[in-house]
Amino acid sequence: IQNTFVPHLYHLLKDYKQNIPNARDPEVISLFATLIAKLGQGLEAGISDIFVNLGVPTLDMIKEDFQSFPEHRQNYFILLQRTTQFCFTSLFSMENSLFKTFVDSVIWAFKHQNPTLAEIGLETMLNLLKVFSQNKATLNAFLSVFFLPICMDIFYVLTDSLHKPGFKLQAQILQRLIQAIENKEITSNLNQNSADNKQFVLGHLTQALSTTFGNLNKVQVETFVISMFNSCFTWEEFKTILRDFLINLKTFAEDNDALYFEKREKAIELGKQREEMRAKGYIMPLQKNPQ
């Protein structure tokens, strides 16, 4: 099938790309998603062609809103998911701009308010992180470019009440990102003006959340961010800290700094203790994903 039947289907890719949007058949996307699931790595050589001719034009069709072309939209997100599940090595050889389109598409998927589409996007992103974590060099290359966009967009959906159904997967993705910072798995500088990725991310998240949520004061936000880093290797604790933050978003008062100083100091002290352990060569183990 791979060598005799599949090559005859590739004319469908060019036809799809050359057609006007309304004439593009969403079943073509579904067909290639099925082929990827069935043939897996056997389609590796053709994945770039598939995404040049299907992925790029489809993203152009759906990126302006969350409703138009619903069949194309869902089939495309399933195509992304199947690629990370069954043909992931093809991602390592994708041209940079095409791979960026791939990642941008996954992010666009989990920003949808439709729970089914958002879940596909979140599961695909989590699987991307798992795939790239198999090799230190590829993980570093991936997160050096995409850490901040993924992190900030996960916080965007995490703090949006319309995305509540995705909390568990959102938290798992965020946990893995922070673990990468804590274990110094990103060796490149995330910001050219900072040589310390952890301090940069702490400051960036604190500033971004303080700006977004005007009812929170900086001490409260800083305490939350530090505590999130301190708990990133313990799933239940990490999840609880996130959940408490979300629950309290609407109840925090602006002038309660004093109530949070002690908690903030404890969080900072715990962070220092963890840094001392790492300086002695102890690397916190990555937890298995919760069931």
# chains A, B, ... in the order shown; residues from 1 in each chain; ligands from 1
>>> residues_around(residues="Ser97 in chain A", least_positions_apart="2", cutoff="12 Å", atoms="only C-alpha atoms", output="list in words")
Ser48, Phe51, Val52, Val56, Leu91, Ser93, Met94, Glu95, Phe99, Lys100, Thr101, Phe102, Val103, Asp104 and Val145 of chain A
>>> write_last_selection(atoms="N, CA, C and O atoms", output="compact mmCIF listing (two decimals), in the first residue's frame")
# COMPACT_ATOMS: atom_id res chain seq x y z
N SER A 48 6.19 16.50 5.11
CA SER A 48 6.37 17.92 4.76
C SER A 48 5.47 18.31 3.60
O SER A 48 4.85 19.38 3.62
N PHE A 51 1.93 18.77 4.83
CA PHE A 51 1.65 20.00 5.56
C PHE A 51 1.81 21.25 4.70
O PHE A 51 1.14 22.26 4.95
N VAL A 52 2.66 21.21 3.70
CA VAL A 52 2.75 22.34 2.78
C VAL A 52 1.45 22.51 2.01
O VAL A 52 0.94 23.62 1.82
N VAL A 56 -0.74 24.36 5.68
CA VAL A 56 -0.62 25.81 5.51
C VAL A 56 -1.90 26.44 4.96
O VAL A 56 -2.42 27.42 5.54
N LEU A 91 8.89 15.33 12.47
CA LEU A 91 8.93 16.70 12.99
C LEU A 91 10.37 17.20 13.11
O LEU A 91 10.63 18.40 12.98
N SER A 93 12.82 16.78 11.12
CA SER A 93 13.44 17.18 9.86
C SER A 93 12.63 18.22 9.10
O SER A 93 12.98 18.58 7.98
N MET A 94 11.56 18.72 9.70
CA MET A 94 10.76 19.76 9.05
C MET A 94 11.56 21.05 8.92
O MET A 94 12.33 21.41 9.81
N GLU A 95 11.36 21.74 7.82
CA GLU A 95 11.95 23.07 7.65
C GLU A 95 11.39 24.00 8.73
O GLU A 95 10.24 23.87 9.13
N PHE A 99 7.67 23.96 10.48
CA PHE A 99 7.48 23.47 11.85
C PHE A 99 6.82 24.53 12.71
O PHE A 99 5.99 24.21 13.57
N LYS A 100 7.17 25.80 12.50
CA LYS A 100 6.51 26.87 13.24
C LYS A 100 5.02 26.89 12.94
O LYS A 100 4.19 27.09 13.84
N THR A 101 4.66 26.68 11.68
CA THR A 101 3.24 26.59 11.32
C THR A 101 2.57 25.44 12.06
O THR A 101 1.43 25.57 12.53
N PHE A 102 3.27 24.34 12.16
CA PHE A 102 2.75 23.17 12.88
C PHE A 102 2.46 23.53 14.34
O PHE A 102 1.37 23.29 14.87
N VAL A 103 3.45 24.12 15.02
CA VAL A 103 3.28 24.47 16.43
C VAL A 103 2.22 25.55 16.61
O VAL A 103 1.38 25.47 17.53
N ASP A 104 2.23 26.55 15.75
CA ASP A 104 1.20 27.60 15.81
C ASP A 104 -0.19 27.01 15.66
O ASP A 104 -1.15 27.48 16.29
N VAL A 145 12.92 28.12 21.39
CA VAL A 145 12.11 28.93 20.48
C VAL A 145 10.67 29.08 20.97
O VAL A 145 10.08 30.16 20.91
>>> closest_atom_pairs(of="range 54-142 of chain A", to="range 16-23 of chain A", cutoff="9 Å", atoms="only C-alpha atoms", output="tab-separated table")
residue	atom	partner	partner_atom	distance
A:Leu54	CA	A:Lys17	CA	6.5
A:Val56	CA	A:Lys17	CA	8.7
A:Pro57	CA	A:Lys17	CA	6.3
A:Thr58	CA	A:Pro21	CA	8.1
A:Met61	CA	A:Pro21	CA	6.8
A:Phe69	CA	A:Asn22	CA	8.6
>>> residues_around(residues="Leu242 in chain A", least_positions_apart="4", cutoff="10 Å", atoms="only C-alpha atoms", output="ChimeraX atom specification")
/A:158-159,167,171,174,224-225,227-228,237-238,246-247
>>> write_last_selection(atoms="all heavy atoms", output="tab-separated table (two decimals), in the first residue's frame")
chain	number	residue	atom	x	y	z
A	158	LEU	N	-5.78	28.89	30.63
A	158	LEU	CA	-5.94	28.46	32.01
A	158	LEU	C	-6.77	29.45	32.83
A	158	LEU	O	-7.58	29.05	33.68
A	158	LEU	CB	-4.56	28.29	32.66
A	158	LEU	CG	-4.50	27.81	34.11
A	158	LEU	CD1	-4.92	26.35	34.22
A	158	LEU	CD2	-3.09	28.01	34.68
A	159	THR	N	-6.59	30.73	32.56
A	159	THR	CA	-7.27	31.77	33.33
A	159	THR	C	-8.56	32.24	32.66
A	159	THR	O	-9.17	33.21	33.13
A	159	THR	CB	-6.34	32.97	33.55
A	159	THR	OG1	-5.85	33.45	32.28
A	159	THR	CG2	-5.13	32.57	34.41
A	167	PHE	N	-8.59	22.05	32.19
A	167	PHE	CA	-7.69	22.38	33.30
A	167	PHE	C	-6.58	21.35	33.50
A	167	PHE	O	-5.41	21.70	33.63
A	167	PHE	CB	-8.47	22.55	34.60
A	167	PHE	CG	-7.59	22.71	35.81
A	167	PHE	CD1	-6.94	23.91	36.06
A	167	PHE	CD2	-7.38	21.66	36.68
A	167	PHE	CE1	-6.11	24.06	37.17
A	167	PHE	CE2	-6.56	21.79	37.79
A	167	PHE	CZ	-5.92	23.01	38.03
A	171	ALA	N	-2.68	22.17	33.02
A	171	ALA	CA	-1.77	22.10	34.16
A	171	ALA	C	-0.60	21.17	33.88
A	171	ALA	O	0.54	21.45	34.28
A	171	ALA	CB	-2.54	21.63	35.41
A	174	LEU	N	1.86	23.02	31.62
A	174	LEU	CA	2.55	24.06	32.37
A	174	LEU	C	3.56	23.44	33.33
A	174	LEU	O	4.69	23.95	33.47
A	174	LEU	CB	1.53	24.90	33.14
A	174	LEU	CG	2.06	26.16	33.82
A	174	LEU	CD1	2.73	27.08	32.81
A	174	LEU	CD2	0.93	26.88	34.53
A	224	PHE	N	2.58	33.34	44.20
A	224	PHE	CA	2.00	32.26	43.40
A	224	PHE	C	3.03	31.69	42.44
A	224	PHE	O	3.19	30.46	42.34
A	224	PHE	CB	0.79	32.77	42.63
A	224	PHE	CG	0.42	31.92	41.45
A	224	PHE	CD1	-0.08	30.64	41.62
A	224	PHE	CD2	0.59	32.42	40.16
A	224	PHE	CE1	-0.41	29.86	40.52
A	224	PHE	CE2	0.26	31.63	39.06
A	224	PHE	CZ	-0.24	30.35	39.23
A	225	VAL	N	3.75	32.55	41.71
A	225	VAL	CA	4.70	32.08	40.70
A	225	VAL	C	5.83	31.29	41.36
A	225	VAL	O	6.21	30.21	40.88
A	225	VAL	CB	5.25	33.27	39.89
A	225	VAL	CG1	6.36	32.80	38.94
A	225	VAL	CG2	4.14	33.93	39.08
A	227	SER	N	5.75	29.72	44.25
A	227	SER	CA	5.19	28.47	44.78
A	227	SER	C	4.95	27.47	43.66
A	227	SER	O	5.11	26.26	43.84
A	227	SER	CB	3.88	28.76	45.51
A	227	SER	OG	4.09	29.59	46.63
A	228	MET	N	4.58	27.96	42.50
A	228	MET	CA	4.35	27.10	41.35
A	228	MET	C	5.67	26.41	40.94
A	228	MET	O	5.69	25.21	40.66
A	228	MET	CB	3.80	27.93	40.20
A	228	MET	CG	3.32	27.15	39.01
A	228	MET	SD	2.44	28.20	37.82
A	228	MET	CE	3.66	29.49	37.51
A	237	GLU	N	0.36	18.81	44.53
A	237	GLU	CA	0.64	20.14	45.09
A	237	GLU	C	0.60	21.20	44.01
A	237	GLU	O	0.03	22.29	44.20
A	237	GLU	CB	2.01	20.13	45.77
A	237	GLU	CG	2.35	21.44	46.48
A	237	GLU	CD	3.71	21.41	47.13
A	237	GLU	OE1	4.37	20.35	47.12
A	237	GLU	OE2	4.14	22.47	47.64
A	238	PHE	N	1.19	20.90	42.86
A	238	PHE	CA	1.21	21.85	41.75
A	238	PHE	C	-0.21	22.16	41.29
A	238	PHE	O	-0.59	23.32	41.11
A	238	PHE	CB	2.03	21.26	40.60
A	238	PHE	CG	2.17	22.18	39.41
A	238	PHE	CD1	3.13	23.18	39.41
A	238	PHE	CD2	1.35	22.03	38.30
A	238	PHE	CE1	3.27	24.03	38.31
A	238	PHE	CE2	1.48	22.87	37.21
A	238	PHE	CZ	2.44	23.86	37.21
A	246	LEU	N	-6.71	30.19	40.62
A	246	LEU	CA	-7.86	30.45	39.75
A	246	LEU	C	-9.10	30.78	40.57
A	246	LEU	O	-9.87	31.68	40.22
A	246	LEU	CB	-8.12	29.25	38.85
A	246	LEU	CG	-7.01	28.90	37.86
A	246	LEU	CD1	-7.38	27.64	37.08
A	246	LEU	CD2	-6.73	30.06	36.91
A	247	ILE	N	-9.31	30.04	41.65
A	247	ILE	CA	-10.48	30.27	42.50
A	247	ILE	C	-10.44	31.66	43.11
A	247	ILE	O	-11.46	32.35	43.22
A	247	ILE	CB	-10.57	29.21	43.61
A	247	ILE	CG1	-10.92	27.85	42.99
A	247	ILE	CG2	-11.61	29.59	44.66
A	247	ILE	CD1	-10.86	26.70	43.97
>>> closest_residue(among="A:Asp196, A:Lys111, A:Pro26, A:Ala45", to="Pro7 in chain A", atoms="only C-alpha atoms")
A:Ala45
>>> residues_around(residues="Ser231 in chain A", least_positions_apart="4", cutoff="10 Å", atoms="only C-alpha atoms", output="JSON, numbers by chain")
{"A": [175, 178, 179, 226, 227, 235, 236, 237, 238, 239, 240, 241, 267, 270, 271]}
>>> closest_residue(among="A:Phe233, A:Phe245, A:Tyr156, A:Tyr76", to="Ala208 in chain A", atoms="only C-alpha atoms")
A:Tyr156
>>> residues_around(residues="Phe155 in chain A", least_positions_apart="5", cutoff="9 Å", atoms="only C-alpha atoms", output="PDB file with C-alpha atoms, in the first residue's frame")
ATOM      1  CA  ILE A 150       3.402  28.032  24.667  1.00  0.00           C
ATOM      2  CA  ASP A 160     -10.210  31.904  30.893  1.00  0.00           C
ATOM      3  CA  GLN A 170      -3.329  22.740  30.759  1.00  0.00           C
ATOM      4  CA  LEU A 174       2.555  24.056  32.369  1.00  0.00           C
ATOM      5  CA  LEU A 209      -0.040  38.198  35.414  1.00  0.00           C
TER       6      LEU A 209
END
>>> closest_residue(among="A:Lys130, A:Lys218, A:Arg176, A:Lys164", to="Phe147 in chain A", atoms="only C-alpha atoms")
A:Arg176
>>> select_by_dssp(residues="range 73-266 of chain A", states="helix (DSSP H, G or I)", output="count of residues only")
151
>>> atom_distance(atom1="CA of Gln41 in chain A", atom2="CA of Cys87 in chain A")
4.8 Å
>>> closest_atom_pairs(of="range 89-157 of chain A", to="range 70-73 of chain A", cutoff="12 Å", atoms="only C-alpha atoms", output="JSON lines")
{"residue": "A:Ser105", "atom": "CA", "partner": "A:Arg73", "partner_atom": "CA", "distance": 10.2}
{"residue": "A:Val106", "atom": "CA", "partner": "A:Arg73", "partner_atom": "CA", "distance": 11.4}
{"residue": "A:Trp108", "atom": "CA", "partner": "A:Arg73", "partner_atom": "CA", "distance": 10.4}
{"residue": "A:Ala109", "atom": "CA", "partner": "A:Arg73", "partner_atom": "CA", "distance": 8.6}
{"residue": "A:His112", "atom": "CA", "partner": "A:Arg73", "partner_atom": "CA", "distance": 10.5}
{"residue": "A:Asn114", "atom": "CA", "partner": "A:Pro70", "partner_atom": "CA", "distance": 10.7}
{"residue": "A:Thr116", "atom": "CA", "partner": "A:Arg73", "partner_atom": "CA", "distance": 11.4}
{"residue": "A:Leu117", "atom": "CA", "partner": "A:Arg73", "partner_atom": "CA", "distance": 8.5}
{"residue": "A:Ala118", "atom": "CA", "partner": "A:Arg73", "partner_atom": "CA", "distance": 11.4}
{"residue": "A:Ile120", "atom": "CA", "partner": "A:Arg73", "partner_atom": "CA", "distance": 11.3}
{"residue": "A:Gly121", "atom": "CA", "partner": "A:Arg73", "partner_atom": "CA", "distance": 11.4}
>>> atom_distance(atom1="CA of Lys38 in chain A", atom2="CA of Asp15 in chain A")
23.0 Å
>>> decode(residues="range 132-164 of chain A", atoms="N, CA and C atoms", output="compact mmCIF listing (two decimals), in the first residue's frame")
# COMPACT_ATOMS: atom_id res chain seq x y z
N PHE A 132 9.75 15.50 22.28
CA PHE A 132 11.01 16.24 22.28
C PHE A 132 11.82 15.99 23.56
N SER A 133 11.17 15.54 24.60
CA SER A 133 11.88 15.25 25.84
C SER A 133 12.71 13.98 25.75
N GLN A 134 12.56 13.22 24.68
CA GLN A 134 13.32 11.98 24.52
C GLN A 134 14.79 12.24 24.26
N ASN A 135 15.10 13.49 23.89
CA ASN A 135 16.49 13.84 23.59
C ASN A 135 16.76 15.25 24.10
N LYS A 136 17.83 15.40 24.87
CA LYS A 136 18.12 16.70 25.49
C LYS A 136 18.34 17.79 24.45
N ALA A 137 19.03 17.46 23.37
CA ALA A 137 19.36 18.48 22.37
C ALA A 137 18.09 18.95 21.65
N THR A 138 17.21 18.02 21.29
CA THR A 138 15.99 18.42 20.58
C THR A 138 15.05 19.18 21.51
N LEU A 139 15.00 18.79 22.78
CA LEU A 139 14.15 19.52 23.73
C LEU A 139 14.65 20.95 23.89
N ASN A 140 15.97 21.11 24.02
CA ASN A 140 16.54 22.44 24.16
C ASN A 140 16.24 23.29 22.93
N ALA A 141 16.40 22.71 21.74
CA ALA A 141 16.14 23.45 20.51
C ALA A 141 14.67 23.85 20.41
N PHE A 142 13.78 22.94 20.80
CA PHE A 142 12.34 23.20 20.73
C PHE A 142 11.92 24.29 21.71
N LEU A 143 12.31 24.15 22.98
CA LEU A 143 11.86 25.09 23.99
C LEU A 143 12.58 26.43 23.93
N SER A 144 13.78 26.45 23.37
CA SER A 144 14.48 27.73 23.21
C SER A 144 13.67 28.68 22.34
N VAL A 145 12.92 28.12 21.39
CA VAL A 145 12.11 28.93 20.48
C VAL A 145 10.67 29.08 20.97
N PHE A 146 10.10 27.99 21.50
CA PHE A 146 8.66 27.97 21.73
C PHE A 146 8.23 28.00 23.21
N PHE A 147 9.18 28.04 24.14
CA PHE A 147 8.79 28.03 25.55
C PHE A 147 7.84 29.17 25.89
N LEU A 148 8.23 30.39 25.58
CA LEU A 148 7.40 31.54 25.96
C LEU A 148 6.04 31.57 25.26
N PRO A 149 5.98 31.37 23.93
CA PRO A 149 4.65 31.36 23.31
C PRO A 149 3.72 30.30 23.89
N ILE A 150 4.25 29.10 24.11
CA ILE A 150 3.40 28.03 24.67
C ILE A 150 2.99 28.38 26.09
N CYS A 151 3.94 28.82 26.90
CA CYS A 151 3.67 29.14 28.30
C CYS A 151 2.61 30.22 28.43
N MET A 152 2.76 31.30 27.68
CA MET A 152 1.83 32.41 27.82
C MET A 152 0.44 32.05 27.28
N ASP A 153 0.39 31.25 26.23
CA ASP A 153 -0.93 30.87 25.71
C ASP A 153 -1.60 29.83 26.59
N ILE A 154 -0.83 29.01 27.28
CA ILE A 154 -1.42 28.10 28.26
C ILE A 154 -2.01 28.91 29.42
N PHE A 155 -1.31 29.93 29.86
CA PHE A 155 -1.87 30.79 30.92
C PHE A 155 -3.12 31.52 30.42
N TYR A 156 -3.13 31.86 29.14
CA TYR A 156 -4.30 32.53 28.57
C TYR A 156 -5.54 31.65 28.70
N VAL A 157 -5.43 30.37 28.33
CA VAL A 157 -6.60 29.49 28.42
C VAL A 157 -6.86 29.04 29.85
N LEU A 158 -5.78 28.89 30.63
CA LEU A 158 -5.94 28.46 32.01
C LEU A 158 -6.77 29.45 32.83
N THR A 159 -6.59 30.73 32.56
CA THR A 159 -7.27 31.77 33.33
C THR A 159 -8.56 32.24 32.66
N ASP A 160 -8.96 31.58 31.59
CA ASP A 160 -10.21 31.90 30.89
C ASP A 160 -11.27 30.90 31.32
N SER A 161 -12.33 31.37 31.96
CA SER A 161 -13.37 30.47 32.48
C SER A 161 -14.02 29.62 31.40
N LEU A 162 -13.95 30.06 30.14
CA LEU A 162 -14.56 29.30 29.05
C LEU A 162 -13.74 28.06 28.69
N HIS A 163 -12.53 27.96 29.26
CA HIS A 163 -11.66 26.82 28.98
C HIS A 163 -11.49 25.91 30.20
N LYS A 164 -12.43 25.98 31.14
CA LYS A 164 -12.34 25.16 32.35
C LYS A 164 -12.19 23.67 32.09
